[in-house]
Structure formats: C-alpha cells, structure tokens
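*Asks:* upload-v9.csv is reproduced in full below (CSV, C-alpha atoms and all ligand atoms).
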```csv
chain,number,residue,atom,x,y,z
A,1,MET,CA,51.5,81.9,-119.9
A,2,LYS,CA,53.6,82.2,-116.8
A,3,ASN,CA,56.4,84.3,-115.4
A,4,THR,CA,56.5,86.6,-118.5
A,5,ARG,CA,57.6,90.2,-117.9
A,6,ILE,CA,54.7,92.3,-119.4
A,7,LEU,CA,54.5,96.0,-119.8
A,8,LEU,CA,50.9,97.0,-120.1
A,9,THR,CA,49.9,100.5,-121.1
A,10,GLY,CA,46.3,101.7,-120.3
A,11,ALA,CA,46.3,99.5,-117.2
A,12,SER,CA,44.1,102.1,-115.4
A,13,GLY,CA,41.6,102.0,-118.3
A,14,PHE,CA,38.6,99.8,-119.0
A,15,LEU,CA,40.1,96.9,-121.1
A,16,GLY,CA,43.6,97.5,-119.6
A,17,GLY,CA,42.2,97.0,-116.1
A,18,GLU,CA,40.7,93.6,-117.1
A,19,LEU,CA,44.0,92.6,-118.8
A,20,PHE,CA,46.0,93.6,-115.6
A,21,ASN,CA,43.7,91.5,-113.4
A,22,LEU,CA,43.9,88.5,-115.7
A,23,LEU,CA,47.6,88.5,-116.6
A,24,SER,CA,49.1,89.5,-113.2
A,25,THR,CA,48.0,86.3,-111.5
A,26,THR,CA,50.8,84.3,-113.3
A,27,ASN,CA,53.0,87.0,-114.8
A,28,GLU,CA,55.1,90.0,-113.7
A,29,VAL,CA,53.0,92.9,-115.1
A,30,THR,CA,54.0,96.5,-114.9
A,31,GLY,CA,50.8,98.5,-115.4
A,32,ILE,CA,51.0,102.0,-116.8
A,33,CYS,CA,48.6,104.9,-116.1
A,34,HIS,CA,48.7,108.6,-116.9
A,35,ARG,CA,46.9,110.2,-114.1
A,36,PRO,CA,48.4,109.2,-110.7
A,37,ASP,CA,47.2,105.8,-109.5
A,38,ALA,CA,48.9,104.1,-106.7
A,39,ARG,CA,48.6,100.7,-108.4
A,40,PHE,CA,50.4,101.7,-111.5
A,41,ARG,CA,53.4,103.6,-112.9
A,42,ALA,CA,52.5,107.1,-114.2
A,43,VAL,CA,54.0,107.8,-117.7
A,44,ASP,CA,53.1,110.2,-120.4
A,45,LEU,CA,53.2,108.0,-123.5
A,46,ARG,CA,53.2,111.1,-125.7
A,47,GLU,CA,56.8,111.7,-124.6
A,48,PRO,CA,59.2,109.3,-126.5
A,49,ALA,CA,61.9,109.8,-123.8
A,50,GLN,CA,59.6,108.5,-121.1
A,51,ILE,CA,58.8,105.4,-123.2
A,52,LYS,CA,62.5,104.7,-123.7
A,53,LYS,CA,63.2,105.0,-120.0
A,54,LEU,CA,60.3,102.7,-119.2
A,55,LEU,CA,61.6,100.1,-121.6
A,56,ASP,CA,65.1,100.4,-120.1
A,57,ASP,CA,63.7,100.0,-116.6
A,58,VAL,CA,61.2,97.2,-117.1
A,59,GLN,CA,63.0,95.1,-119.8
A,60,PRO,CA,59.7,93.5,-120.9
A,61,ASP,CA,59.3,90.3,-122.9
A,62,VAL,CA,55.9,91.6,-124.0
A,63,VAL,CA,54.4,95.1,-124.5
A,64,ILE,CA,50.6,95.4,-124.6
A,65,HIS,CA,49.6,98.8,-125.8
A,66,SER,CA,46.0,99.4,-124.7
A,67,ALA,CA,46.2,103.1,-123.9
A,68,ALA,CA,44.4,105.4,-126.4
A,69,TYR,CA,42.1,108.3,-126.9
A,70,ARG,CA,39.1,106.2,-127.8
A,71,LYS,CA,36.2,108.6,-128.0
A,72,PRO,CA,35.6,109.3,-131.7
A,73,ASP,CA,34.0,112.7,-131.2
A,74,GLU,CA,36.9,114.0,-129.1
A,75,CYS,CA,39.5,112.6,-131.6
A,76,GLU,CA,37.6,114.4,-134.4
A,77,GLN,CA,37.8,117.7,-132.6
A,78,HIS,CA,41.5,117.2,-131.5
A,79,PRO,CA,43.2,115.3,-134.3
A,80,GLU,CA,46.7,116.2,-133.3
A,81,ALA,CA,46.2,115.2,-129.7
A,82,CYS,CA,44.7,111.9,-131.0
A,83,ARG,CA,47.8,111.2,-133.1
A,84,ARG,CA,50.2,111.9,-130.3
A,85,LEU,CA,48.7,109.2,-128.2
A,86,ASN,CA,47.2,106.8,-130.7
A,87,VAL,CA,50.0,106.7,-133.3
A,88,GLN,CA,53.3,108.3,-132.1
A,89,PRO,CA,54.1,105.9,-129.2
A,90,LEU,CA,53.9,102.9,-131.6
A,91,GLU,CA,56.9,104.4,-133.5
A,92,THR,CA,58.9,104.5,-130.3
A,93,PHE,CA,57.9,101.0,-129.3
A,94,ARG,CA,58.7,99.7,-132.8
A,95,ASN,CA,62.1,101.4,-132.7
A,96,CYS,CA,63.1,101.0,-129.1
A,97,PHE,CA,61.6,97.7,-127.9
A,98,PRO,CA,64.3,95.1,-128.7
A,99,MET,CA,63.5,92.0,-130.6
A,100,PRO,CA,62.4,89.3,-130.0
A,101,GLY,CA,60.0,91.0,-127.7
A,102,LYS,CA,56.3,90.8,-128.6
A,103,LEU,CA,54.3,93.9,-129.3
A,104,VAL,CA,50.5,93.6,-128.9
A,105,PHE,CA,48.4,96.4,-130.2
A,106,VAL,CA,44.7,96.8,-129.3
A,107,SER,CA,42.8,98.2,-132.3
A,108,THR,CA,39.2,98.6,-133.3
A,109,ASP,CA,36.4,97.7,-135.9
A,110,TYR,CA,36.4,101.4,-136.7
A,111,VAL,CA,39.3,100.8,-139.1
A,112,PHE,CA,36.5,99.8,-141.5
A,113,ASP,CA,33.9,102.1,-143.2
A,114,GLY,CA,31.0,99.7,-142.5
A,115,ARG,CA,29.9,99.4,-146.1
A,116,ASN,CA,30.8,95.7,-146.7
A,117,PRO,CA,30.6,93.7,-143.5
A,118,PRO,CA,31.5,91.3,-142.1
A,119,TYR,CA,35.2,92.1,-142.4
A,120,THR,CA,38.0,89.6,-142.3
A,121,GLU,CA,41.6,90.3,-141.2
A,122,ASP,CA,42.6,90.5,-144.9
A,123,ASP,CA,40.2,93.2,-145.9
A,124,PRO,CA,41.7,96.6,-146.6
A,125,CYS,CA,41.2,99.3,-144.0
A,126,CYS,CA,39.1,102.4,-144.8
A,127,ALA,CA,38.3,104.5,-141.7
A,128,VAL,CA,35.6,107.1,-141.8
A,129,ASN,CA,36.8,109.2,-138.8
A,130,VAL,CA,40.0,110.5,-137.2
A,131,TYR,CA,39.9,107.9,-134.4
A,132,GLY,CA,39.7,105.0,-136.9
A,133,GLN,CA,42.4,106.5,-139.1
A,134,SER,CA,44.7,106.9,-136.1
A,135,LYS,CA,44.3,103.2,-135.5
A,136,VAL,CA,44.9,102.3,-139.2
A,137,ASP,CA,48.1,104.4,-139.1
A,138,ALA,CA,49.2,102.8,-135.8
A,139,GLU,CA,48.5,99.3,-137.3
A,140,THR,CA,50.8,100.2,-140.3
A,141,ILE,CA,53.6,100.8,-137.9
A,142,VAL,CA,53.0,97.7,-135.8
A,143,ARG,CA,52.9,95.5,-138.9
A,144,GLN,CA,56.4,96.5,-139.7
A,145,ARG,CA,57.5,94.6,-136.6
A,146,LYS,CA,57.9,90.9,-137.1
A,147,ASN,CA,56.9,89.7,-133.6
A,148,SER,CA,53.6,91.6,-133.2
A,149,VAL,CA,49.9,91.0,-132.8
A,150,ILE,CA,47.0,93.4,-133.7
A,151,VAL,CA,43.7,92.5,-132.0
A,152,ARG,CA,40.7,94.4,-133.3
A,153,VAL,CA,37.7,94.6,-130.9
A,154,PRO,CA,34.3,96.3,-131.2
A,155,LEU,CA,32.3,98.2,-128.6
A,156,LEU,CA,33.2,96.9,-125.2
A,157,VAL,CA,30.9,96.6,-122.2
A,158,GLY,CA,31.2,95.6,-118.6
A,159,THR,CA,32.4,97.4,-115.4
A,160,GLU,CA,33.9,100.6,-116.8
A,161,PRO,CA,36.1,102.7,-114.5
A,162,GLU,CA,34.4,105.9,-115.6
A,163,GLU,CA,30.8,107.0,-115.0
A,164,ASP,CA,30.2,107.6,-118.7
A,165,GLY,CA,30.3,103.8,-119.5
A,166,HIS,CA,27.9,102.4,-122.1
A,167,LEU,CA,25.9,100.3,-119.7
A,168,SER,CA,25.6,103.0,-117.0
A,169,ALA,CA,24.6,105.6,-119.7
A,170,LEU,CA,21.8,103.3,-120.9
A,171,TYR,CA,20.8,102.5,-117.4
A,172,ARG,CA,20.5,106.2,-116.5
A,173,GLN,CA,18.3,106.8,-119.6
A,174,ILE,CA,16.0,103.8,-118.6
A,175,LYS,CA,15.8,104.8,-114.9
A,176,SER,CA,15.0,108.5,-115.7
A,177,GLY,CA,11.6,107.6,-117.2
A,178,GLU,CA,12.0,110.6,-119.6
A,179,GLU,CA,11.0,110.0,-123.2
A,180,CYS,CA,14.1,109.7,-125.3
A,181,GLN,CA,15.3,108.2,-128.6
A,182,ILE,CA,18.3,105.8,-128.9
A,183,ASP,CA,20.1,105.0,-132.1
A,184,HIS,CA,18.5,102.0,-134.0
A,185,CYS,CA,20.7,102.3,-137.1
A,186,GLY,CA,24.2,101.4,-136.2
A,187,ILE,CA,24.9,97.6,-135.9
A,188,ARG,CA,26.9,96.7,-132.8
A,189,HIS,CA,28.4,93.6,-131.3
A,190,PRO,CA,28.7,94.6,-127.6
A,191,THR,CA,31.5,92.5,-126.3
A,192,TRP,CA,32.4,91.9,-122.6
A,193,ALA,CA,35.7,93.5,-121.8
A,194,CYS,CA,36.6,90.5,-119.8
A,195,ASP,CA,36.2,88.3,-122.9
A,196,ALA,CA,38.3,90.7,-125.0
A,197,ALA,CA,41.0,90.4,-122.3
A,198,ARG,CA,40.8,86.6,-122.4
A,199,ALA,CA,41.1,86.6,-126.2
A,200,ILE,CA,44.3,88.7,-126.0
A,201,ALA,CA,45.7,86.4,-123.3
A,202,PHE,CA,44.8,83.4,-125.5
A,203,LEU,CA,46.7,84.9,-128.4
A,204,LEU,CA,49.7,85.4,-126.2
A,205,GLU,CA,49.5,81.8,-124.9
A,206,LYS,CA,49.4,80.6,-128.5
A,207,ASP,CA,52.4,82.8,-129.4
A,208,ALA,CA,50.2,84.1,-132.3
A,209,THR,CA,51.4,86.9,-134.6
A,210,GLY,CA,49.5,88.9,-137.2
A,211,ILE,CA,46.0,90.4,-137.1
A,212,PHE,CA,43.0,88.9,-135.3
A,213,HIS,CA,39.4,89.9,-134.9
A,214,TYR,CA,37.4,89.2,-131.8
A,215,CYS,CA,33.8,90.1,-131.0
A,216,ASN,CA,30.5,88.8,-129.5
A,217,PRO,CA,28.6,87.4,-132.5
A,218,GLU,CA,25.3,88.9,-131.2
A,219,THR,CA,24.0,91.8,-133.3
A,220,LEU,CA,22.3,94.6,-131.5
A,221,THR,CA,21.7,98.3,-132.1
A,222,LYS,CA,22.1,100.7,-129.2
A,223,TYR,CA,18.3,100.8,-128.9
A,224,GLU,CA,18.2,97.0,-128.7
A,225,MET,CA,20.9,97.1,-126.0
A,226,ALA,CA,18.7,99.5,-124.0
A,227,VAL,CA,15.7,97.2,-124.3
A,228,SER,CA,17.8,94.3,-123.3
A,229,VAL,CA,19.2,96.1,-120.2
A,230,ALA,CA,15.6,97.1,-119.2
A,231,ASN,CA,14.3,93.6,-119.7
A,232,THR,CA,17.2,92.0,-117.9
A,233,LEU,CA,16.7,94.3,-114.9
A,234,GLY,CA,12.9,94.1,-115.0
A,235,LEU,CA,12.5,97.8,-115.7
A,236,PRO,CA,9.9,99.5,-117.9
A,237,HIS,CA,11.2,100.9,-121.2
A,238,ASP,CA,8.1,102.3,-123.0
A,239,HIS,CA,9.7,105.8,-122.8
A,240,ILE,CA,12.7,104.6,-124.9
A,241,LYS,CA,12.0,105.0,-128.6
A,242,PRO,CA,14.1,103.8,-131.6
A,243,LEU,CA,15.9,106.5,-133.5
A,244,LEU,CA,15.7,105.5,-137.2
A,245,LYS,CA,18.0,108.1,-138.7
A,246,PRO,CA,21.7,108.8,-138.1
A,247,LEU,CA,22.5,110.9,-135.0
A,248,PRO,CA,23.9,114.5,-135.5
A,249,ILE,CA,27.3,113.6,-134.1
A,250,THR,CA,30.7,115.1,-134.6
A,251,ALA,CA,32.5,112.0,-135.9
A,252,PRO,CA,30.9,109.8,-138.6
A,253,ARG,CA,30.6,106.2,-137.6
A,254,PRO,CA,30.6,103.0,-139.7
A,255,VAL,CA,27.0,101.7,-139.8
A,256,ASP,CA,28.0,98.1,-139.7
A,257,SER,CA,31.6,97.2,-139.1
A,258,SER,CA,30.9,93.6,-138.0
A,259,LEU,CA,34.1,91.6,-137.6
A,260,ASP,CA,34.5,88.1,-139.0
A,261,CYS,CA,36.1,86.1,-136.1
A,262,THR,CA,36.8,82.8,-138.0
A,263,LYS,CA,40.5,83.1,-137.5
A,264,ILE,CA,40.6,83.3,-133.7
A,265,ASN,CA,37.7,80.7,-133.5
A,266,GLU,CA,39.7,78.2,-135.6
A,267,LEU,CA,42.8,78.8,-133.4
A,268,GLY,CA,40.5,77.6,-130.5
A,269,PHE,CA,39.0,80.7,-128.9
A,270,THR,CA,35.2,80.6,-129.2
A,271,HIS,CA,34.2,81.8,-125.7
A,272,THR,CA,31.7,84.7,-125.6
A,273,MET,CA,29.4,85.9,-122.8
A,274,PRO,CA,25.9,86.9,-124.1
A,275,PHE,CA,25.1,90.6,-123.7
A,276,ALA,CA,22.1,90.0,-121.3
A,277,GLU,CA,24.4,87.9,-119.1
A,278,VAL,CA,27.0,90.6,-119.0
A,279,VAL,CA,24.3,93.1,-118.0
A,280,ARG,CA,23.2,90.7,-115.2
A,281,LEU,CA,26.8,90.2,-114.0
A,282,CYS,CA,27.7,93.9,-114.1
A,283,ALA,CA,24.4,95.4,-112.8
A,284,PRO,CA,25.7,95.8,-109.2
A,285,ASP,CA,28.5,98.1,-110.6
A,286,PHE,CA,26.5,100.4,-112.8
A,287,ARG,CA,23.0,100.6,-111.3
A,301,LIG,N1,36.2,100.8,-125.0
A,301,LIG,C1,35.7,100.4,-126.2
A,301,LIG,O1,34.5,100.3,-126.4
A,301,LIG,C2,36.8,100.0,-127.2
A,301,LIG,C3,36.3,99.6,-128.5
A,301,LIG,C4,37.2,99.2,-129.5
A,301,LIG,C5,38.6,99.4,-129.2
A,301,LIG,N2,39.0,99.9,-128.0
A,301,LIG,C6,40.4,100.0,-127.8
A,301,LIG,O2,40.8,99.3,-126.7
A,301,LIG,C7,41.9,100.0,-126.0
A,301,LIG,C8,41.5,100.2,-124.5
A,301,LIG,O3,40.3,101.0,-124.5
A,301,LIG,P1,39.7,101.4,-123.1
A,301,LIG,O4,38.2,101.5,-123.3
A,301,LIG,O5,40.2,100.5,-122.0
A,301,LIG,O6,40.2,102.9,-122.9
A,301,LIG,P2,40.1,103.8,-121.6
A,301,LIG,O7,39.3,103.2,-120.6
A,301,LIG,O8,39.6,105.2,-122.1
A,301,LIG,O9,41.6,103.9,-121.1
A,301,LIG,C9,42.5,104.7,-121.7
A,301,LIG,C10,43.9,104.5,-121.0
A,301,LIG,O10,44.8,105.3,-121.7
A,301,LIG,C11,45.6,106.0,-120.7
A,301,LIG,N3,46.2,107.2,-121.2
A,301,LIG,C12,45.5,108.3,-121.6
A,301,LIG,N4,46.4,109.3,-122.0
A,301,LIG,C13,47.6,108.8,-121.7
A,301,LIG,C14,48.9,109.3,-121.8
A,301,LIG,N5,49.2,110.6,-122.3
A,301,LIG,N6,50.0,108.6,-121.4
A,301,LIG,C15,49.8,107.3,-120.9
A,301,LIG,N7,48.5,106.8,-120.8
A,301,LIG,C16,47.5,107.5,-121.2
A,301,LIG,C17,44.6,106.2,-119.5
A,301,LIG,O11,45.3,106.5,-118.4
A,301,LIG,P3,44.6,107.3,-117.1
A,301,LIG,O12,43.5,106.4,-116.7
A,301,LIG,O13,45.7,107.5,-116.1
A,301,LIG,O14,44.1,108.6,-117.8
A,301,LIG,C18,43.9,104.9,-119.5
A,301,LIG,O15,44.6,103.9,-118.8
A,301,LIG,C19,42.1,101.3,-126.8
A,301,LIG,O16,43.2,101.1,-127.6
A,301,LIG,C20,40.8,101.5,-127.6
A,301,LIG,O17,41.1,102.2,-128.8
A,301,LIG,C21,38.1,100.2,-127.0
```
Could you take the file, read its structure, and then write that structure out as structure tokens?
*Replies:*
Amino acid sequence: MKNTRILLTGASGFLGGELFNLLSTTNEVTGICHRPDARFRAVDLREPAQIKKLLDDVQPDVVIHSAAYRKPDECEQHPEACRRLNVQPLETFRNCFPMPGKLVFVSTDYVFDGRNPPYTEDDPCCAVNVYGQSKVDAETIVRQRKNSVIVRVPLLVGTEPEEDGHLSALYRQIKSGEECQIDHCGIRHPTWACDAARAIAFLLEKDATGIFHYCNPETLTKYEMAVSVANTLGLPHDHIKPLLKPLPITAPRPVDSSLDCTKINELGFTHTMPFAEVVRLCAPDFR
C-alpha cells in the first residue's frame, strides 16, 4: 500500500507505535496521541467535536482506530470511562468519516467467554468483562459501516512503551529471585505486536473487509511464558511456581479464548514469530 492518507489513533501506544513505524514508510500517516508527544497530534477522542475537526483537517482515506483503555481491571472499575474511549468514538467515526473511506478497528479475543474455543469470526460474541463488552459494542457500530475491517488480536508482546509491559513484568519476577506464583490456568497466545501490525497492513493491502482473527498459534500459560523467558535468557526459574487456581482479580477473564485464524491464513498471511524468538529480539529493551 502506497501514498494512502492514514489517520492512526493510539499511535503513541504499543500496537499503534508498531503500525506507525510500518505504515509511515510508504504512506502519509497522521498519528494521534492523548498525552503530548512531539511526534504525534494530541487529540481527546472522548470529545466528538475534536474527532470531527481531525477528520476535516486530515481528510484520510483510511482510519485505523487502535486507541483504547485496554486494561480489563481498570475498565471494570471505571465502566463509563471505558465506554467513552472504547465505544463512543466509533459512533463519531461511523457518522462523520465519509464513505468510501475505510475504517479499521482493533479488537480483542476478550469478546468471547472462553468456554468453546477455538473461535471463528462467525461465532457469536459473549464477553465476560466490561473491557470485552466495550469491544463487542464498538464492533457492532463498526459493522454498520460497509467499508470496515475488524481485526481481533490476543495478548500482545514485544517492546512496550510503558514499564508495565508483559515481558518486563515477567522479567522482573524472574530476576528478583523471590518465590512467586504465576497463573497456569489461562490459555494464551502471546503474539508479537510487530506481527499484529503486519497482519493489519496485509489486510489493508488486500482491501479486505469484515472480521479477521490473528494470533500466534503457540499455546502458553503466563507461567509457561515466564519459564520460556527465563530459559531463553539463561536465568534460573526454580522460584517461579505455577498457580493452578484462578487469580483473585477484579475483572473475570476468559480461560481459553483461542482464535481460529484460518480466514487470514487462507488470504495469504501466515507469518508468526515464535514467542522465544520475540523474547530474544526484545530482551535488550526490557531487561
Ligand atoms: N496490548 C494487548 O495485549 C492487546 C490485546 C488485545 C487487543 N488489544 C487492542 O489493541 C489496541 C492497541 O492496544 P495497545 O496495547 O497498543 O494500547 P496502549 O499501549 O495502552 O495505547 C493506548 C493508546 O490510546 C491512547 N489514548 C488513551 N486515551 C486517549 C484519549 N482520551 N484520546 C486519544 N487517545 C487516547 C493513548 O495515548 P497516550 O499514549 O497519549 O496516552 C495510546 O496511544 C487496543 O484497541 C487494544 O484494545 C491490545
């Protein structure tokens, strides 16, 4: 895809940062942040008037909406704030972004309850927490637009902009040497954020519409991720123990919301970086 005018929300975030780097080499990308960041334009997406002005100024061919409150426990505690960012802006984009512009929405495997995996794009949504339900509601709005793509991705790993990234958190627990338990119940498919960005770019290249799933096919619990991080970096991990009962957390999580990726695979996107390789590549950033 070349010379396309793209408006990218969440450009200062984890996945958005990867999308910005990937797409801006050949396209004109306007990246949006919330907190001031010299590389991007600061906009409060909870304000419909600011979105309308943004669309007027940029006149994009494509809008990629990657901004979100994505921490399930915080969303559970602040459901209204969650809806204002995760749902409300989609109404403004649907109503004010002129056709035939393409709207790309980044969603999650948490739209499913985890009782009947793996999930295809045709399976009905059934979220178990506020975050997942906000994504279900946003998807409903996006689906009302003809030229739109919904890309559901699972737990993302890589070089996260914030210190509380999944890999850095596991690394800190391993390095501390203190005995601790890590969840060994929830099934995860830790997927490199770079690969998720490539999958989205691929769908844009193919001019695809509709819903697509993308994830790393490897199955790991958080405990197995920790062991893999330790082994890859040659660190001892005897102090890390598997936790075999659900964690006492604020927001319930689906136990296994594995995504069936046949649809994107058959369209020609099969690339996935193995988890241990992602750890090796990103270690200089999180250790
Ligand atoms: N990370 C994962 O494991 C994961 C898994 C499944 C799905 N997803 C989905 O993937 C997408 C990207 O996630 P991510 O991990 O990249 O998120 P992230 O790192 O938390 O980034 C969130 C982005 O939203 C922006 N934002 C927050 N409040 C805003 C506001 N009021 N107005 C405008 N922008 C605002 C932030 O801007 P500032 O930086 O300026 O605050 C940041 O750019 C989300 O839709 C998420 O639901 C993520």
*Asks:* What separation in Å, quoted to one decimal, exists between CA of Val111 in chain A and CA of Val136 in chain A?
*Replies:*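 That distance, rounded to one decimal, is 5.8 Å.
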*Asks:* Skipping near chain neighbours, those fewer than 2 positions away, what residues fall within 7 Å of Pro252 in chain A using only C-alpha atoms, listed as a PDB file with C-alpha atoms, in the coordinates of the input?
*Replies:*
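selection.pdb, written as the output of this step:
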```pdb
ATOM      1  CA  VAL A 128      35.600 107.100-141.800  1.00  0.00           C
ATOM      2  CA  ASN A 129      36.800 109.200-138.800  1.00  0.00           C
ATOM      3  CA  ILE A 249      27.300 113.600-134.100  1.00  0.00           C
ATOM      4  CA  THR A 250      30.700 115.100-134.600  1.00  0.00           C
ATOM      5  CA  PRO A 254      30.600 103.000-139.700  1.00  0.00           C
TER       6      PRO A 254
END
```
*Asks:* Using only C-alpha atoms, pick whichever of A:Ala67, A:Leu15, A:Leu167, A:Ala49 has the shortest atom-to-atom distance to Asp285 in chain A.
*Replies:*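 Closest candidate: A:Leu167.
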*Asks:* Would you mind listing the residues within 6 Å of ligand LIG 301 (chain A), counting all atoms listed in the file, as a VMD selection string?
*Replies:* chain A and resid 10 to 16 33 to 35 43 to 46 66 to 68 70 106 to 108 153 to 156
*Asks:* Using all atoms listed in the file, which protein or nucleic acid residues come within 9 Å of Phe112 in chain A? Drop anything in the same chain fewer than 3 positions from it, and give the result as a PyMOL selection string.
*Replies:* chain A and resi 108-109+115-117+119+123-128+132+254+256-257
*Asks:* Out of A:Lys102, A:Arg94, A:Arg83, A:Lys175, which residue has the shortest atom-to-atom distance to Thr4 in chain A when counting all atoms listed in the file?
*Replies:*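 For Thr4 in chain A, the nearest of the given residues is A:Lys102.
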*Asks:* Which residue is closest to Asp113 in chain A? Choose from A:Leu259, A:Leu204, A:Ile264, A:Val29 and count only C-alpha atoms.
*Replies:* A:Leu259
*Asks:* I'd like to know which of A:Gln144, A:Asn3, A:Thr219, A:Gln133 is closest to His184 in chain A, using only C-alpha atoms.
*Replies:* A:Thr219
*Asks:* Find the residue from A:Val157, A:Leu19, A:Ile141, A:Met99 that sits nearest to Asn216 in chain A; use only C-alpha atoms when measuring.
*Replies:* A:Val157
*Asks:* Choose the residue, out of A:Leu244, A:Cys75, A:Cys96, A:Ile64, that has the smallest atom-to-atom separation from Lys52 in chain A; count only C-alpha atoms.
*Replies:*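 Ranking A:Leu244, A:Cys75, A:Cys96, A:Ile64 by distance to Lys52 in chain A, first place goes to A:Cys96.
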*Asks:* Just the number, please: distance in Å from CA of Ala169 in chain A to CA of Thr270 in chain A, one decimal.
*Replies:*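 CA of Thr270 in chain A lies at a distance of 28.8 Å from CA of Ala169 in chain A.
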*Asks:* For Phe97 in chain A, work out the shell of residues within 9 Å, counting only C-alpha atoms and skipping chain neighbours fewer than 2 positions away, then give it as a PyMOL selection string.
*Replies:* chain A and resi 52+55-56+59-60+63+92-95+99-103
*Asks:* Write the selection just made, keeping C-alpha atoms, as a compact mmCIF listing (two decimals), in the frame of the given file?
*Replies:*
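In the end it all went to part_36.txt:
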```txt
# COMPACT_ATOMS: atom_id res chain seq x y z
CA LYS A 52 62.50 104.70 -123.70
CA LEU A 55 61.60 100.10 -121.60
CA ASP A 56 65.10 100.40 -120.10
CA GLN A 59 63.00 95.10 -119.80
CA PRO A 60 59.70 93.50 -120.90
CA VAL A 63 54.40 95.10 -124.50
CA THR A 92 58.90 104.50 -130.30
CA PHE A 93 57.90 101.00 -129.30
CA ARG A 94 58.70 99.70 -132.80
CA ASN A 95 62.10 101.40 -132.70
CA MET A 99 63.50 92.00 -130.60
CA PRO A 100 62.40 89.30 -130.00
CA GLY A 101 60.00 91.00 -127.70
CA LYS A 102 56.30 90.80 -128.60
CA LEU A 103 54.30 93.90 -129.30
```
*Asks:* Could you state the separation of CA of Pro161 in chain A and CA of Ala38 in chain A in Å, given to one decimal place?
*Replies:*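 Interatomic distance, CA of Pro161 in chain A to CA of Ala38 in chain A: 15.1 Å.
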*Asks:* Got a sec: who's within 9 Å of Gln77 in chain A, counting all atoms listed in the file, leaving out chain neighbours fewer than 3 positions off, as number ranges by chain?
*Replies:* A: 72-74, 130, 250-251
*Asks:* Mind writing the picked residues with C-alpha atoms as a tab-separated table (two decimals), in the coordinates of the input?
*Replies:*
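Listed below is the output, out04.tsv:
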```tsv
chain	number	residue	atom	x	y	z
A	72	PRO	CA	35.60	109.30	-131.70
A	73	ASP	CA	34.00	112.70	-131.20
A	74	GLU	CA	36.90	114.00	-129.10
A	130	VAL	CA	40.00	110.50	-137.20
A	250	THR	CA	30.70	115.10	-134.60
A	251	ALA	CA	32.50	112.00	-135.90
```
*Asks:* Could you pull the residues within 8 Å of Ser134 in chain A, counting all atoms listed in the file, minus those fewer than 6 positions along the same chain, as an MDAnalysis selection string?
*Replies:* chainID A and resid 82:83 86:87
*Asks:* How would you write as a count of residues only the residues that get within 8 Å of (15.5, 100.7, -117.3) in the file's frame, counting only C-alpha atoms?
*Replies:* 18
*Asks:* As a PDB file, in the frame of the given file, please: range 121-140 of chain A completed to N, CA and C atoms.
*Replies:*
```pdb
ATOM      1  N   GLU A 121      40.315  89.710-141.495  1.00  0.00           N
ATOM      2  CA  GLU A 121      41.600  90.300-141.200  1.00  0.00           C
ATOM      3  C   GLU A 121      42.319  90.773-142.470  1.00  0.00           C
ATOM      4  N   ASP A 122      41.957  90.171-143.609  1.00  0.00           N
ATOM      5  CA  ASP A 122      42.600  90.500-144.900  1.00  0.00           C
ATOM      6  C   ASP A 122      41.990  91.654-145.622  1.00  0.00           C
ATOM      7  N   ASP A 123      40.823  92.096-145.181  1.00  0.00           N
ATOM      8  CA  ASP A 123      40.200  93.200-145.900  1.00  0.00           C
ATOM      9  C   ASP A 123      40.917  94.500-145.720  1.00  0.00           C
ATOM     10  N   PRO A 124      40.959  95.336-146.773  1.00  0.00           N
ATOM     11  CA  PRO A 124      41.700  96.600-146.600  1.00  0.00           C
ATOM     12  C   PRO A 124      40.958  97.561-145.682  1.00  0.00           C
ATOM     13  N   CYS A 125      41.762  98.328-144.932  1.00  0.00           N
ATOM     14  CA  CYS A 125      41.200  99.300-144.000  1.00  0.00           C
ATOM     15  C   CYS A 125      40.686 100.516-144.729  1.00  0.00           C
ATOM     16  N   CYS A 126      39.674 101.161-144.181  1.00  0.00           N
ATOM     17  CA  CYS A 126      39.100 102.400-144.800  1.00  0.00           C
ATOM     18  C   CYS A 126      38.291 103.078-143.742  1.00  0.00           C
ATOM     19  N   ALA A 127      38.981 103.821-142.871  1.00  0.00           N
ATOM     20  CA  ALA A 127      38.300 104.500-141.700  1.00  0.00           C
ATOM     21  C   ALA A 127      37.499 105.673-142.174  1.00  0.00           C
ATOM     22  N   VAL A 128      36.443 105.971-141.420  1.00  0.00           N
ATOM     23  CA  VAL A 128      35.600 107.100-141.800  1.00  0.00           C
ATOM     24  C   VAL A 128      35.763 108.278-140.753  1.00  0.00           C
ATOM     25  N   ASN A 129      36.571 108.079-139.704  1.00  0.00           N
ATOM     26  CA  ASN A 129      36.800 109.200-138.800  1.00  0.00           C
ATOM     27  C   ASN A 129      38.231 109.208-138.289  1.00  0.00           C
ATOM     28  N   VAL A 130      38.577 110.287-137.583  1.00  0.00           N
ATOM     29  CA  VAL A 130      40.000 110.500-137.200  1.00  0.00           C
ATOM     30  C   VAL A 130      40.452 109.383-136.245  1.00  0.00           C
ATOM     31  N   TYR A 131      39.577 108.967-135.315  1.00  0.00           N
ATOM     32  CA  TYR A 131      39.900 107.900-134.400  1.00  0.00           C
ATOM     33  C   TYR A 131      40.305 106.612-135.185  1.00  0.00           C
ATOM     34  N   GLY A 132      39.409 106.220-136.110  1.00  0.00           N
ATOM     35  CA  GLY A 132      39.700 105.000-136.900  1.00  0.00           C
ATOM     36  C   GLY A 132      40.938 105.133-137.718  1.00  0.00           C
ATOM     37  N   GLN A 133      41.152 106.326-138.307  1.00  0.00           N
ATOM     38  CA  GLN A 133      42.400 106.500-139.100  1.00  0.00           C
ATOM     39  C   GLN A 133      43.618 106.446-138.255  1.00  0.00           C
ATOM     40  N   SER A 134      43.524 106.950-137.016  1.00  0.00           N
ATOM     41  CA  SER A 134      44.700 106.900-136.100  1.00  0.00           C
ATOM     42  C   SER A 134      45.058 105.422-135.852  1.00  0.00           C
ATOM     43  N   LYS A 135      44.041 104.580-135.740  1.00  0.00           N
ATOM     44  CA  LYS A 135      44.300 103.200-135.500  1.00  0.00           C
ATOM     45  C   LYS A 135      44.864 102.482-136.744  1.00  0.00           C
ATOM     46  N   VAL A 136      44.370 102.889-137.926  1.00  0.00           N
ATOM     47  CA  VAL A 136      44.900 102.300-139.200  1.00  0.00           C
ATOM     48  C   VAL A 136      46.409 102.693-139.266  1.00  0.00           C
ATOM     49  N   ASP A 137      46.753 103.957-138.964  1.00  0.00           N
ATOM     50  CA  ASP A 137      48.100 104.400-139.100  1.00  0.00           C
ATOM     51  C   ASP A 137      49.020 103.675-138.032  1.00  0.00           C
ATOM     52  N   ALA A 138      48.475 103.485-136.834  1.00  0.00           N
ATOM     53  CA  ALA A 138      49.200 102.800-135.800  1.00  0.00           C
ATOM     54  C   ALA A 138      49.453 101.306-136.238  1.00  0.00           C
ATOM     55  N   GLU A 139      48.416 100.695-136.793  1.00  0.00           N
ATOM     56  CA  GLU A 139      48.500  99.300-137.300  1.00  0.00           C
ATOM     57  C   GLU A 139      49.656  99.196-138.316  1.00  0.00           C
ATOM     58  N   THR A 140      49.735 100.188-139.196  1.00  0.00           N
ATOM     59  CA  THR A 140      50.800 100.200-140.300  1.00  0.00           C
ATOM     60  C   THR A 140      52.154 100.104-139.626  1.00  0.00           C
TER      61      THR A 140
END
```
